[in-house]
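The structure appears below as structure tokens.
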Amino acid sequence: MIRQAAAVVVALTLSTSPLYAQSTPVNLTVSEASATVHKAPSVGSPVIGKAPRGTALVVTREVGDWVKVWWPSAVDGAGYVRTNAGTIARGNAAAPAGAKAAATPAPVGSKTAVAATPAPIAAKTAQVPITRPSAPSPASSLYVAPTHIFGIGAVAGGSTMGFGASARAWKKDRLGFQLEVSRHSFDSVDLLSRATSTDIAPSLLFAMNDRVTDYLWLRPYLGVAGHLVHSSRTDLIFTDATESANTFGVRGFGGAEMSFSSLPQFALSADIGYYHLPEPFVGFEPGGMGFSISGHWYVK
């Protein structure tokens, strides 16, 4: 009777689940001939290694079309691989058939109780991932880059200070379209008259390689815009002397759009460029260098 009780205790002790099952690992198994490992999530960043087909890379963070993987030879122990280089699997692999049977202790009266106990030892040793890094669980540092498509917001600035509304749309992450409608007020060179203008500015944008960190997503861009401007002038001395004019100008600019991991739907943009705008009236110079800042809330 004492031997049988001891056998049950041993069986229960050895069948305890291993600790690593408490976390949910994420792996990328390389399916191409080899996967290129970059220093940053950008094809223009330095290449720090190659992973041959069949390699299971431990994923610590997902970054849009990239994944951050554990790469021991890197200075910071990490590298970036495109997701299309392999297949992402979440959770532990299925346990061997013998492990499931060994986890259930044999009845007290069974003569095979003691003989069945070594099986969990072999299963436990085989399942421990010897390449598992000591980094935190992927879920604790997950930040997926936002996929902005269409947003609406406000804009301020220009060659002369103005305020207005803005809408921005992106197609396939590279090509973008923007429409701004703003209102500006500025004085003549001799300060004897004032002009107000309504500016309708459609723009084409081209995005460059983005940058992603644990907290910030940054997308630089270049753009060109057309400006349809309707202006009205009022004389500050003879207030009944007014006139209006329509002009067309262009602008070339560069800037960047950024979002924070805590609020990925909102993007803050800043750009600087040169405004080539004709004079609507004698003595008014609306063109030159200008800076603007805008904010967009992306509804999709």
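Every chain in the structure tokens takes a letter, A first, then B, and so on in the order presented; its residues are numbered from 1, and the ligands are numbered from 1 following the presented order.
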
Open item on the list: Write out as a ChimeraX atom specification the set of residues from range 145-202 of chain A that DSSP, computed on the backbone, places in strand (DSSP E).
Closed with: /A:150-158,162-171,175-187,193-202

Open item on the list: List the spatial neighbours of range 202-215 of chain A as a list in words - criterion: any atom at most 8 Å away, only C-alpha atoms, same-chain residues fewer than 5 positions off excluded.
Closed with: Pro41, Ser42, Val63, Ser141, Leu142, Tyr143, Ala145, Asp173, Arg174, Leu175, Gly176, Phe177, Gln178, Leu179, Glu180, Pro220, Tyr221, Leu222, Gly223, Val224, Ala225, Gly226, His227, Phe260, Ser261 and Ser262 of chain A

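When CA of Gly255 in chain A is paired with CA of Ser269 in chain A, their separation reads 7.1 Å.
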
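The smallest atom-to-atom distance between Thr83 in chain A and any of A:Thr60, A:Thr29, A:Thr55, A:Ser45, using only C-alpha atoms, is found for A:Thr29.
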
- [ ] Can you work out which one of A:Ala267, A:Ala89, A:Leu218, A:Leu191 has the shortest atom-to-atom distance to Thr234 in chain A, counting only C-alpha atoms?
- [x] A:Leu191

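The space separating CA of Thr247 in chain A from CA of Pro278 in chain A comes to 6.7 Å.
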
TODO: Go ahead and compute the interatomic distance for CA of Ala40 in chain A and CA of Trp217 in chain A, in Å to one decimal.
DONE: 12.9 Å

Open item on the list: Here is a test: counting only C-alpha atoms, which residue of A:Val30, A:Met161, A:Val69, A:Leu268 is nearest to Gly86 in chain A?
Closed with: A:Val30

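Closest approach to Gly151 in chain A among A:His184, A:Pro25, A:Gln265, A:Phe284: A:Gln265, based on only C-alpha atoms.
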
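In terms of minimum interatomic distance to Lys39 in chain A, A:Val75 ranks closest within A:Val181, A:Val229, A:Val155, A:Val75, counting only C-alpha atoms.
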
What's around Ala35 in chain A at 9 Å? Count only C-alpha atoms, leave out sequence neighbours fewer than 6 positions away in its own chain, and write the answer as a PDB file with C-alpha atoms, in the first residue's frame.
```pdb
ATOM      1  CA  GLY A  49      22.263  38.975 -41.287  1.00  0.00           C
ATOM      2  CA  LYS A  50      20.413  36.274 -43.202  1.00  0.00           C
ATOM      3  CA  ALA A  51      18.093  33.580 -41.863  1.00  0.00           C
ATOM      4  CA  PRO A  52      17.890  30.403 -44.004  1.00  0.00           C
ATOM      5  CA  ARG A  53      14.647  28.628 -44.881  1.00  0.00           C
ATOM      6  CA  VAL A  81      12.336  40.989 -41.006  1.00  0.00           C
ATOM      7  CA  ARG A  82       9.521  41.506 -43.521  1.00  0.00           C
ATOM      8  CA  ALA A  85       9.450  36.281 -45.688  1.00  0.00           C
ATOM      9  CA  GLY A  86       7.731  33.548 -43.684  1.00  0.00           C
TER      10      GLY A  86
END
```

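You can rank A:Pro280, A:Gly249, A:Gly153, A:Gly54 by their closest distance to Ser231 in chain A using only C-alpha atoms, and at the top of that list sits A:Pro280.
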